[in-house]
Amino acid sequence: MSVQLFIPAFRVDECLEQIKECLEKGWTGLGFKTIEFEEAWKKYTGLSHAHFLNSNTSGLHLAVYMLKTKYGWQDGDEVITTPLTFVSTNHAIMYEDLKPVFADVDDSLCMSPESIEAKISPKTKAVIYVGIGGNTGRYEQVVAVCKKHGLKLILDAAHMAGTRIRGRHVGGEADVSVFSFQAVKNLPTADSGMICWNNKEDDERARKLCWLGINKDTYARTGRQGNYKWMYDVEEVGFKYHGNSIMAGIGMVQLKYLDKDNSHRRSLAQIYKKTLAGSEKIKLIEINPDCESSTHLFQIRVQNRDLLLQFLNEKEIFPGVHYRDNTEYAIYSHGKGTCPKATKASHEILSLPLHLKMNEEDALLVANEVLNFVNSGEVTLNEQKTF
Ligand SMILES: Cc1ncc(COP(=O)(O)O)c(C=O)c1O
């Protein structure tokens with residue numbers, strides 16, 4: 001039997017029921033289920049605004065675009081960001097001809113508030129913070145740094161569906177937070193996301209911009225009497241970033257189970273933690289004790305990561321790496337050497353399999369194989385042995 005990194009779990013009958021409802025109504029696009037899902041998401045998170053999108057990537061771009069145009073940022077202005085993320089985070093800055101300035105991470109693998117503060121220049125306009133693996137790191141301190149320096153804060157909450165700090169769902173402290181409901185996230189659909197602004201004006205603008213700038217969506221226009229359904233205005237050039245009712249219907253089902261699913265993830269993480277904590281060859285990632293993490297990932301750090309990866313693959317166990325230091329990519333090479341902790345971490349991190357089709361025995365099996373490897377003594381740092 002093989003153990004994969006991620007396998008999404010869908011409640012198939014319930015999802016099909018939702019999709020059937022869309023098909024029977026003849027409404028699969030923007031509106032109907034998308035509105036229902038936005039309301040359900042606001043209720044679940046306690047966030048005051050939410051607009052359903054086709055991905056987190058489009059939401060991050062929209063967030064940067066909206067802030068840049070609202071506050072008159074200039075091309076070349078700077079946004080502080082992490083090198084340890086999926087490229088969507090940093091591409092969002094590049095789409096708008098702004099400059100990603102990389103801040104270093106701490107032992108939580110999230111950006112450290114000290115490093116963010118040290119990277120602030122007269123051109124800095126904003127920070128994009130990533131709660132990697134669902135962990136908040138020292139997010140509350142980052143919120144304080146942004147307030148102190150008058151910087152806008154975008155939370156890339158792609159991993160954070162269900163993450164709470166001191167009992168409150170994350171998101172409301174940032175100017176805008178963007179969630180991902182992509183196929184392997186904690187709340188999987190196929191591809192979708194949610195942008196949550198902290199004020200009505202931005203939320204209303206986002207709704208127009210996600211629908212090409214059109215100021216009345218088709219759903220709102222449907223059912224109106226008269227000949228003026230086509231009579232909308234286009235106030236600014238927008239994008240086609242909104243979500244659709246099929247994805248929202250799946251999201252409605254998945255949301256019902258999110259807390260239960262995250263608690264299953266935490267129980268698997270607990271097995272990993274208990275089994276691996278004693279080994280001095282394995283470093284566990286620091287989790288903020290005030291944070292109830294969505295536990296999207298369970299990451300460890302080992303010196304000889306690539307060999308461990310090969311060893312586990314031979315045992316039909318398929319972990320992942322989140323992420324390669326983005327400054328190693330050609331497009332972000334201007335940041336090379338500026339974040340030594342992130343660079344080091346990116347060569348040591350390994351995400352162990354974590355999904356709802358695993359049980360505690362599977363987690364124990366994986367953990368024991370990791371221990372077998374690190375305790376084998378056969379492999380030392382930088383040795384090029386292949387299994
Ligand atoms: C940290 C992070 N940000 C952004 C994204 C992009 O999310 P989406 O696939 O919904 O566009 C991902 C997805 O992997 C991610 O892990």
# chains A, B, ... in the order shown; residues from 1 in each chain; ligands from 1
>>> closest_atom_pairs(of="chain A", to="ligand 1", cutoff="8 Å", atoms="only C-alpha atoms and all ligand atoms", output="Markdown table")
| residue | atom | partner | partner_atom_place_in_ligand_line | distance |
| --- | --- | --- | --- | --- |
| A:Asn54 | CA | ligand 1 | 10 (O) | 7.6 |
| A:Ser55 | CA | ligand 1 | 10 (O) | 4.0 |
| A:Asn56 | CA | ligand 1 | 10 (O) | 3.7 |
| A:Thr57 | CA | ligand 1 | 11 (O) | 3.6 |
| A:Ser58 | CA | ligand 1 | 11 (O) | 6.5 |
| A:Gly59 | CA | ligand 1 | 11 (O) | 7.9 |
| A:Leu60 | CA | ligand 1 | 4 (C) | 7.8 |
| A:Thr85 | CA | ligand 1 | 1 (C) | 5.0 |
| A:Phe86 | CA | ligand 1 | 2 (C) | 4.8 |
| A:Val87 | CA | ligand 1 | 3 (N) | 7.1 |
| A:Ser88 | CA | ligand 1 | 4 (C) | 4.9 |
| A:Thr89 | CA | ligand 1 | 3 (N) | 5.3 |
| A:Val130 | CA | ligand 1 | 1 (C) | 6.0 |
| A:Gly131 | CA | ligand 1 | 1 (C) | 7.5 |
| A:Ile132 | CA | ligand 1 | 1 (C) | 6.4 |
| A:Asp156 | CA | ligand 1 | 3 (N) | 5.9 |
| A:Ala157 | CA | ligand 1 | 1 (C) | 7.1 |
| A:Ala158 | CA | ligand 1 | 2 (C) | 4.9 |
| A:His159 | CA | ligand 1 | 16 (O) | 6.3 |
| A:Phe179 | CA | ligand 1 | 10 (O) | 7.3 |
| A:Ser180 | CA | ligand 1 | 10 (O) | 4.1 |
| A:Phe181 | CA | ligand 1 | 10 (O) | 5.8 |
| A:Gln182 | CA | ligand 1 | 10 (O) | 4.7 |
| A:Ala183 | CA | ligand 1 | 9 (O) | 8.0 |
| A:Lys185 | CA | ligand 1 | 14 (O) | 7.7 |
| A:Asp191 | CA | ligand 1 | 10 (O) | 6.1 |
| A:Ser192 | CA | ligand 1 | 10 (O) | 5.7 |
| A:Gly193 | CA | ligand 1 | 10 (O) | 5.6 |
>>> closest_atom_pairs(of="stretch 230-345 of chain A", to="stretch 19-27 of chain A", cutoff="9 Å", atoms="only C-alpha atoms", output="JSON lines")
{"residue": "A:Ser245", "atom": "CA", "partner": "A:Cys22", "partner_atom": "CA", "distance": 6.8}
{"residue": "A:Ile246", "atom": "CA", "partner": "A:Ile19", "partner_atom": "CA", "distance": 5.6}
{"residue": "A:Met247", "atom": "CA", "partner": "A:Ile19", "partner_atom": "CA", "distance": 8.5}
{"residue": "A:Gly249", "atom": "CA", "partner": "A:Ile19", "partner_atom": "CA", "distance": 6.2}
{"residue": "A:Ile250", "atom": "CA", "partner": "A:Ile19", "partner_atom": "CA", "distance": 7.4}
>>> closest_residue(among="A:Gly76, A:Pro113, A:Pro100, A:Gly134", to="A:Ile287", atoms="only C-alpha atoms")
A:Gly134
>>> select_by_dssp(residues="stretch 213-354 of chain A", states="strand (DSSP E or B)", output="NGL selection string")
:A and (214 or 234 or 240 or 242 or 283-284 or 291-292 or 298-301 or 317 or 320 or 349-352)
>>> write_last_selection(atoms="N, CA, C and O atoms", output="mmCIF file, in the first residue's frame")
data_model
loop_
_atom_site.group_PDB
_atom_site.id
_atom_site.type_symbol
_atom_site.label_atom_id
_atom_site.label_comp_id
_atom_site.auth_asym_id
_atom_site.auth_seq_id
_atom_site.Cartn_x
_atom_site.Cartn_y
_atom_site.Cartn_z
ATOM 1 N N ILE A 214 -18.095 45.161 -14.393
ATOM 2 C CA ILE A 214 -19.536 45.393 -14.615
ATOM 3 C C ILE A 214 -20.219 45.648 -13.261
ATOM 4 O O ILE A 214 -19.989 44.928 -12.294
ATOM 5 N N VAL A 234 -19.904 50.019 -16.786
ATOM 6 C CA VAL A 234 -18.569 49.465 -16.513
ATOM 7 C C VAL A 234 -17.720 50.636 -16.061
ATOM 8 O O VAL A 234 -17.415 51.524 -16.841
ATOM 9 N N LYS A 240 -11.910 38.445 -14.973
ATOM 10 C CA LYS A 240 -12.918 37.369 -14.867
ATOM 11 C C LYS A 240 -12.436 36.426 -13.765
ATOM 12 O O LYS A 240 -11.871 35.367 -14.021
ATOM 13 N N HIS A 242 -14.392 35.744 -10.761
ATOM 14 C CA HIS A 242 -15.400 35.252 -9.816
ATOM 15 C C HIS A 242 -15.520 33.730 -9.836
ATOM 16 O O HIS A 242 -15.172 33.077 -10.825
ATOM 17 N N LYS A 283 13.988 17.886 13.405
ATOM 18 C CA LYS A 283 13.527 19.116 14.049
ATOM 19 C C LYS A 283 12.057 19.311 13.682
ATOM 20 O O LYS A 283 11.707 19.269 12.498
ATOM 21 N N LEU A 284 11.226 19.511 14.692
ATOM 22 C CA LEU A 284 9.810 19.763 14.412
ATOM 23 C C LEU A 284 9.603 21.269 14.245
ATOM 24 O O LEU A 284 10.388 22.074 14.746
ATOM 25 N N CYS A 291 -2.307 29.263 18.683
ATOM 26 C CA CYS A 291 -2.919 29.012 17.379
ATOM 27 C C CYS A 291 -3.488 27.605 17.319
ATOM 28 O O CYS A 291 -2.818 26.629 17.665
ATOM 29 N N GLU A 292 -4.748 27.522 16.894
ATOM 30 C CA GLU A 292 -5.299 26.213 16.578
ATOM 31 C C GLU A 292 -5.137 26.098 15.062
ATOM 32 O O GLU A 292 -5.898 26.701 14.303
ATOM 33 N N PHE A 298 2.083 18.748 7.796
ATOM 34 C CA PHE A 298 2.948 18.405 8.933
ATOM 35 C C PHE A 298 4.370 18.348 8.384
ATOM 36 O O PHE A 298 4.720 17.451 7.618
ATOM 37 N N GLN A 299 5.155 19.353 8.752
ATOM 38 C CA GLN A 299 6.513 19.452 8.215
ATOM 39 C C GLN A 299 7.551 19.104 9.279
ATOM 40 O O GLN A 299 7.370 19.415 10.457
ATOM 41 N N ILE A 300 8.612 18.467 8.815
ATOM 42 C CA ILE A 300 9.762 18.237 9.689
ATOM 43 C C ILE A 300 10.995 18.791 8.987
ATOM 44 O O ILE A 300 10.950 19.079 7.785
ATOM 45 N N ARG A 301 12.079 18.919 9.755
ATOM 46 C CA ARG A 301 13.361 19.315 9.147
ATOM 47 C C ARG A 301 14.396 18.254 9.449
ATOM 48 O O ARG A 301 14.508 17.801 10.585
ATOM 49 N N ILE A 317 6.101 5.611 0.118
ATOM 50 C CA ILE A 317 5.592 6.743 0.902
ATOM 51 C C ILE A 317 6.034 7.995 0.149
ATOM 52 O O ILE A 317 7.218 8.117 -0.193
ATOM 53 N N GLY A 320 6.179 15.518 0.458
ATOM 54 C CA GLY A 320 6.373 16.653 -0.448
ATOM 55 C C GLY A 320 7.298 17.688 0.172
ATOM 56 O O GLY A 320 7.744 17.528 1.318
ATOM 57 N N ILE A 349 13.353 20.883 4.744
ATOM 58 C CA ILE A 349 11.952 20.600 5.083
ATOM 59 C C ILE A 349 11.368 19.455 4.262
ATOM 60 O O ILE A 349 11.691 19.272 3.095
ATOM 61 N N LEU A 350 10.490 18.746 4.938
ATOM 62 C CA LEU A 350 9.764 17.662 4.279
ATOM 63 C C LEU A 350 8.352 17.642 4.861
ATOM 64 O O LEU A 350 8.170 17.667 6.082
ATOM 65 N N SER A 351 7.352 17.622 3.962
ATOM 66 C CA SER A 351 5.959 17.539 4.425
ATOM 67 C C SER A 351 5.548 16.070 4.385
ATOM 68 O O SER A 351 5.534 15.452 3.309
ATOM 69 N N LEU A 352 5.209 15.524 5.538
ATOM 70 C CA LEU A 352 4.819 14.106 5.597
ATOM 71 C C LEU A 352 3.365 13.961 5.118
ATOM 72 O O LEU A 352 2.576 14.907 5.218
#
>>> residues_around(residues="A:Lys123", least_positions_apart="4", cutoff="9 Å", atoms="only C-alpha atoms", output="ChimeraX atom specification")
/A:76-79
>>> atom_distance(atom1="atom CA of A:Ala63", atom2="atom CA of A:Val145")
19.7 Å
>>> atom_distance(atom1="atom CA of A:Cys339", atom2="atom CA of A:Val64")
23.1 Å
>>> atom_distance(atom1="atom CA of A:Met111", atom2="atom CA of A:Leu151")
15.4 Å
>>> residues_around(residues="A:Val184", least_positions_apart="4", cutoff="8 Å", atoms="only C-alpha atoms", output="list of chain:residue names")
A:Phe6, A:Ile7, A:Pro8, A:Pro188
>>> closest_residue(among="A:His91, A:Lys344, A:Lys33, A:His149", to="A:Ile116", atoms="only C-alpha atoms")
A:His149
>>> residues_around(residues="A:Asp104", least_positions_apart="5", cutoff="12 Å", atoms="only C-alpha atoms", output="ChimeraX atom specification")
/A:80-85,109-119,129,325-327,335-346
>>> select_by_dssp(residues="stretch 53-291 of chain A", states="alpha helix (DSSP H)", output="MDAnalysis selection string")
chainID A and resid 56:71 87:95 113:119 139:149 200:209 218:221 245:256 258:276
>>> residues_around(residues="A:Leu67", least_positions_apart="2", cutoff="12 Å", atoms="only C-alpha atoms", output="ChimeraX atom specification")
/A:60-65,69-74,79,92-93,96,98,125-127,151-154,175-176,197,202,205-206
>>> residues_around(residues="A:Ile35", least_positions_apart="3", cutoff="9 Å", atoms="only C-alpha atoms", output="PyMOL selection string")
chain A and resi 30-32+38-40+51-52+245+248
>>> closest_residue(among="A:Leu297, A:Tyr139, A:Pro122, A:Ser177", to="A:Val105", atoms="only C-alpha atoms")
A:Tyr139
